[in-house]
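To start, the structure under review is shown below, and the notes come after it.
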Amino acid sequence: MTIFFNEIYNVVNSGLVALQEAQATGKAQKNPVSESIFLSAWVTKVLKQHSFDRCVVKTLQEWQQQSRTMGKNAQLKLHFERLAETYAKVTDEQGQSIAITSAVMTTFYTALEQQDWLVTNEYEVNRKVSHHTDGKASLVVCSAQYAASMNDEGELVKPLSLYVRGNVQQFIDTAYQHGILLFKITDYKSKVKFHGEYIIYPSNTGTHLPELPTRIL
């Protein structure tokens with residue numbers, strides 16, 4: 001079975017290579033309007049030709065619609081570049097996604113605490129609960145779900161919910177610095193009052209696009 005992570009990484013890299021080749025041969029100009037027109041046409045072409053696995057079709061269709069309604073403001077090139085950069089950091093030399101381990105999670109928690117986040121991971125979250133943080137940014141992880149999500153070797157093998165309240169972009173960036181991609185379920189209402197819910201997947205292999213970290217140029 002084709003994994004979304006690998007296929008969408010293939011898509012954005014292929015699109016960027018096609019654009020570079022078109023610019024090198026004079027078929028596309030190096031400006032935002034020409035680049036947007038080229039990538040919009042490229043997305044439509046690969047959809048018609050069924051060039052990629054069906055797991056990425058919905059995402060391609062969304063990009064196609066965005067480019068039609070927004071034109072150059074859809075910023076497909078920038079989006080492709082950001083996705084390519086994001087995925088590159090969490091893949092190995094063979095282009096396969098890197099495992100998330102208990103050691104990775106521990107260092108992630110520590111990094112958040114160093115930024116004055118309150119990390120709570122010793123209790124079960126099996127119903128709607130309130131969590132008092134005294135104004136601090138907060139991460140809550142259900143202890144039972146965490147235990148069930150890790151195998152005996154300490155590798156994440158099932159999706160895990162993270163309940164978040166605070167500077168979400170800081171949270172996304174910190175997770176990414178530790179090789180973790182986040183997938184948003186809700187940004188506010190969840191089992192933990194006033195916390196949003198994000199999910200991490202084994203080896204970051206979510207079935208849709210992740211939240212993107214801040215781009216560092």
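In the structure tokens, each chain is lettered A, B, ... as it comes, each chain's residues begin at 1, and ligands are numbered from 1 in order of appearance.
Look at range 142-155 of chain A: the protein and nucleic acid residues within 9 Å of it, using only C-alpha atoms and passing over chain neighbours fewer than 4 places away, are Ala99, Ile100, Thr101, Ser102, Ala103, Thr120, Asn121, Glu122, Tyr123, Glu124, Val125, Asn126, Pro159, Leu160, Ser161, Leu162, Tyr163, Pro202 and Ser203 of chain A.
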* Asked: Lys77 in chain A: which residues within 8 Å, counting only C-alpha atoms, same-chain residues fewer than 5 positions away excluded, as a ChimeraX atom specification?
  -> /A:16,35-36,39
* Find the residues near Trp117 in chain A: any atom within 6 Å, counting only C-alpha atoms, skip ones fewer than 5 places away on the same chain, and give them as a list in words. =>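 Using only C-alpha atoms, the neighbours found are Leu112, Ala137 and Ser138 of chain A.
Shortest separation to Gly179 in chain A among A:Tyr109, A:Tyr9, A:Phe194, A:Tyr87 occurs at residue A:Tyr87, atoms counted being only C-alpha atoms.
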* If you count only C-alpha atoms, which residues fall within 9 Å of range 65-67 of chain A, apart from same-chain ones fewer than 3 positions away, as a list in words? -> Ser36, Ile37, Leu39, Ser40, Leu60, Gln61, Glu62, Met70, Gly71, Lys72, Asn73, Ala74, Gln75 and Leu76 of chain A
* **Contacts of range 2-5 of chain A at 12 Å (only C-alpha atoms; same-chain gap of 5+ positions) as number ranges by chain** => A: 10-12, 52-59, 83-84, 86-88, 90-91, 95-98, 181, 201-210
* To do: Name the residues in contact with Val192 in chain A at a cut-off of 9 Å, using only C-alpha atoms, excluding same-chain residues fewer than 2 positions from it; report them as JSON, numbers by chain.
  => {"A": [125, 127, 128, 129, 130, 131, 140, 163, 164, 189, 190, 194, 195, 196, 197]}
Dump of N, CA and C atoms for the selected residues, as a tab-separated table (two decimals), in the first residue's frame:
```tsv
chain	number	residue	atom	x	y	z
A	125	VAL	N	-6.73	10.26	30.16
A	125	VAL	CA	-7.73	11.20	29.67
A	125	VAL	C	-8.80	10.37	28.97
A	127	ARG	N	-12.24	10.89	29.49
A	127	ARG	CA	-13.51	11.62	29.45
A	127	ARG	C	-13.19	13.11	29.39
A	128	LYS	N	-14.21	13.93	29.27
A	128	LYS	CA	-14.00	15.38	29.24
A	128	LYS	C	-13.44	15.84	30.60
A	129	VAL	N	-12.29	16.50	30.57
A	129	VAL	CA	-11.66	16.92	31.82
A	129	VAL	C	-11.25	18.39	31.75
A	130	SER	N	-11.14	19.00	32.92
A	130	SER	CA	-10.57	20.34	33.04
A	130	SER	C	-9.12	20.21	33.48
A	131	HIS	N	-8.30	21.13	33.02
A	131	HIS	CA	-6.88	21.07	33.37
A	131	HIS	C	-6.42	22.49	33.66
A	140	VAL	N	-1.06	18.14	27.23
A	140	VAL	CA	-1.57	17.00	27.99
A	140	VAL	C	-1.54	15.77	27.08
A	163	TYR	N	-2.98	17.06	23.47
A	163	TYR	CA	-3.92	18.12	23.77
A	163	TYR	C	-3.13	19.39	24.11
A	164	VAL	N	-3.41	20.47	23.39
A	164	VAL	CA	-2.52	21.63	23.39
A	164	VAL	C	-3.27	22.92	23.68
A	189	LYS	N	-11.73	22.91	20.96
A	189	LYS	CA	-12.52	21.98	21.75
A	189	LYS	C	-12.00	20.55	21.62
A	190	SER	N	-11.77	19.91	22.76
A	190	SER	CA	-11.33	18.52	22.78
A	190	SER	C	-11.71	17.90	24.12
A	194	PHE	N	-10.54	23.67	26.91
A	194	PHE	CA	-9.74	24.79	26.38
A	194	PHE	C	-8.48	24.35	25.64
A	195	HIS	N	-8.31	23.06	25.41
A	195	HIS	CA	-7.15	22.55	24.67
A	195	HIS	C	-7.59	22.06	23.28
A	196	GLY	N	-6.78	22.33	22.29
A	196	GLY	CA	-6.99	21.75	20.98
A	196	GLY	C	-6.41	20.34	20.94
A	197	GLU	N	-6.75	19.59	19.89
A	197	GLU	CA	-6.20	18.24	19.75
A	197	GLU	C	-5.40	18.11	18.46
```
* Of the candidates A:Glu93, A:Lys136, A:Ser51, A:Glu85, which shows the shortest atom-to-atom distance to Thr214 in chain A, using only C-alpha atoms? -> A:Glu85
* Could you pull out the strand (DSSP E or B) residues of range 56-198 of chain A from DSSP and send them as a PyMOL selection string? -> chain A and resi 91+97+101+118-120+129+138-140+150+155-156+160-165+183-186+192+196-198
Keeping N, CA and C atoms for every residue in the selection just given, could you write it to a file as a PDB file, in the first residue's frame?
```
ATOM      1  N   THR A  91      12.951  12.409   7.021  1.00  0.00           N
ATOM      2  CA  THR A  91      13.163  11.205   6.220  1.00  0.00           C
ATOM      3  C   THR A  91      14.628  10.785   6.286  1.00  0.00           C
ATOM      4  N   SER A  97      10.245   7.678   5.906  1.00  0.00           N
ATOM      5  CA  SER A  97       9.986   8.451   7.123  1.00  0.00           C
ATOM      6  C   SER A  97      10.660   7.822   8.337  1.00  0.00           C
ATOM      7  N   THR A 101      10.167   7.671  18.571  1.00  0.00           N
ATOM      8  CA  THR A 101      10.440   6.773  19.689  1.00  0.00           C
ATOM      9  C   THR A 101      10.130   7.451  21.022  1.00  0.00           C
ATOM     10  N   LEU A 118       3.817  23.659  30.468  1.00  0.00           N
ATOM     11  CA  LEU A 118       3.449  22.666  31.480  1.00  0.00           C
ATOM     12  C   LEU A 118       3.110  21.371  30.751  1.00  0.00           C
ATOM     13  N   VAL A 119       3.899  20.336  30.952  1.00  0.00           N
ATOM     14  CA  VAL A 119       3.681  19.040  30.299  1.00  0.00           C
ATOM     15  C   VAL A 119       3.092  18.064  31.308  1.00  0.00           C
ATOM     16  N   THR A 120       1.904  17.548  31.009  1.00  0.00           N
ATOM     17  CA  THR A 120       1.214  16.620  31.898  1.00  0.00           C
ATOM     18  C   THR A 120       0.964  15.320  31.149  1.00  0.00           C
ATOM     19  N   VAL A 129     -12.292  16.502  30.567  1.00  0.00           N
ATOM     20  CA  VAL A 129     -11.662  16.921  31.823  1.00  0.00           C
ATOM     21  C   VAL A 129     -11.248  18.387  31.750  1.00  0.00           C
ATOM     22  N   SER A 138       0.258  24.699  27.728  1.00  0.00           N
ATOM     23  CA  SER A 138       0.045  23.362  28.272  1.00  0.00           C
ATOM     24  C   SER A 138      -0.033  22.283  27.201  1.00  0.00           C
ATOM     25  N   LEU A 139       0.620  21.160  27.490  1.00  0.00           N
ATOM     26  CA  LEU A 139       0.489  19.930  26.704  1.00  0.00           C
ATOM     27  C   LEU A 139       0.008  18.825  27.630  1.00  0.00           C
ATOM     28  N   VAL A 140      -1.063  18.142  27.228  1.00  0.00           N
ATOM     29  CA  VAL A 140      -1.568  17.002  27.987  1.00  0.00           C
ATOM     30  C   VAL A 140      -1.544  15.772  27.083  1.00  0.00           C
ATOM     31  N   MET A 150       2.831   2.789  22.067  1.00  0.00           N
ATOM     32  CA  MET A 150       4.237   2.401  21.956  1.00  0.00           C
ATOM     33  C   MET A 150       4.390   0.880  22.005  1.00  0.00           C
ATOM     34  N   GLU A 155       8.823   2.261  20.259  1.00  0.00           N
ATOM     35  CA  GLU A 155       8.558   2.953  18.997  1.00  0.00           C
ATOM     36  C   GLU A 155       7.060   3.184  18.855  1.00  0.00           C
ATOM     37  N   LEU A 156       6.689   4.372  18.420  1.00  0.00           N
ATOM     38  CA  LEU A 156       5.274   4.692  18.218  1.00  0.00           C
ATOM     39  C   LEU A 156       4.713   3.853  17.080  1.00  0.00           C
ATOM     40  N   LEU A 160      -1.282   8.932  18.261  1.00  0.00           N
ATOM     41  CA  LEU A 160      -1.334   9.427  19.640  1.00  0.00           C
ATOM     42  C   LEU A 160      -1.856  10.855  19.647  1.00  0.00           C
ATOM     43  N   SER A 161      -2.841  11.125  20.515  1.00  0.00           N
ATOM     44  CA  SER A 161      -3.407  12.467  20.639  1.00  0.00           C
ATOM     45  C   SER A 161      -2.583  13.329  21.585  1.00  0.00           C
ATOM     46  N   LEU A 162      -2.375  14.570  21.188  1.00  0.00           N
ATOM     47  CA  LEU A 162      -1.714  15.559  22.033  1.00  0.00           C
ATOM     48  C   LEU A 162      -2.700  16.712  22.223  1.00  0.00           C
ATOM     49  N   TYR A 163      -2.978  17.056  23.468  1.00  0.00           N
ATOM     50  CA  TYR A 163      -3.924  18.124  23.770  1.00  0.00           C
ATOM     51  C   TYR A 163      -3.133  19.388  24.113  1.00  0.00           C
ATOM     52  N   VAL A 164      -3.409  20.472  23.390  1.00  0.00           N
ATOM     53  CA  VAL A 164      -2.518  21.632  23.392  1.00  0.00           C
ATOM     54  C   VAL A 164      -3.274  22.925  23.678  1.00  0.00           C
ATOM     55  N   ARG A 165      -2.673  23.745  24.535  1.00  0.00           N
ATOM     56  CA  ARG A 165      -3.162  25.095  24.769  1.00  0.00           C
ATOM     57  C   ARG A 165      -1.965  26.013  24.899  1.00  0.00           C
ATOM     58  N   PHE A 183      -0.641  16.798  13.199  1.00  0.00           N
ATOM     59  CA  PHE A 183      -1.821  16.815  12.344  1.00  0.00           C
ATOM     60  C   PHE A 183      -3.012  17.295  13.171  1.00  0.00           C
ATOM     61  N   LYS A 184      -3.574  18.424  12.768  1.00  0.00           N
ATOM     62  CA  LYS A 184      -4.615  19.065  13.584  1.00  0.00           C
ATOM     63  C   LYS A 184      -5.960  18.363  13.460  1.00  0.00           C
ATOM     64  N   ILE A 185      -6.585  18.120  14.611  1.00  0.00           N
ATOM     65  CA  ILE A 185      -7.958  17.644  14.673  1.00  0.00           C
ATOM     66  C   ILE A 185      -8.878  18.815  15.019  1.00  0.00           C
ATOM     67  N   THR A 186      -8.523  19.559  16.033  1.00  0.00           N
ATOM     68  CA  THR A 186      -9.258  20.753  16.432  1.00  0.00           C
ATOM     69  C   THR A 186      -8.307  21.704  17.130  1.00  0.00           C
ATOM     70  N   VAL A 192      -9.903  17.680  26.637  1.00  0.00           N
ATOM     71  CA  VAL A 192      -9.329  18.522  27.687  1.00  0.00           C
ATOM     72  C   VAL A 192      -9.813  19.952  27.467  1.00  0.00           C
ATOM     73  N   GLY A 196      -6.778  22.328  22.289  1.00  0.00           N
ATOM     74  CA  GLY A 196      -6.989  21.745  20.976  1.00  0.00           C
ATOM     75  C   GLY A 196      -6.406  20.345  20.942  1.00  0.00           C
ATOM     76  N   GLU A 197      -6.745  19.591  19.894  1.00  0.00           N
ATOM     77  CA  GLU A 197      -6.201  18.236  19.754  1.00  0.00           C
ATOM     78  C   GLU A 197      -5.403  18.114  18.460  1.00  0.00           C
ATOM     79  N   TYR A 198      -4.201  17.603  18.612  1.00  0.00           N
ATOM     80  CA  TYR A 198      -3.342  17.289  17.473  1.00  0.00           C
ATOM     81  C   TYR A 198      -2.954  15.815  17.583  1.00  0.00           C
TER      82      TYR A 198
END
```
* To do: Would you list, as a ChimeraX atom specification, the residues of range 13-210 of chain A that end up in alpha helix (DSSP H) under DSSP run on this structure's backbone?
  => /A:13-24,32-48,57-70,76-89,102-114,143-149,168-177
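Of the listed residues A:Gln94, A:Ser34, A:Gln177, A:Thr69, the one whose atoms come nearest to Ala111 in chain A is A:Gln177, with distances taken using only C-alpha atoms.
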* Work out how far apart CA of Phe108 in chain A and CA of Arg82 in chain A are and give it in Å to one decimal. =>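 One can read the CA of Phe108 in chain A to CA of Arg82 in chain A distance as 22.2 Å.
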* Asked: In Å to one decimal, how far is CA of Glu81 in chain A from CA of Thr107 in chain A?
  -> 27.8 Å
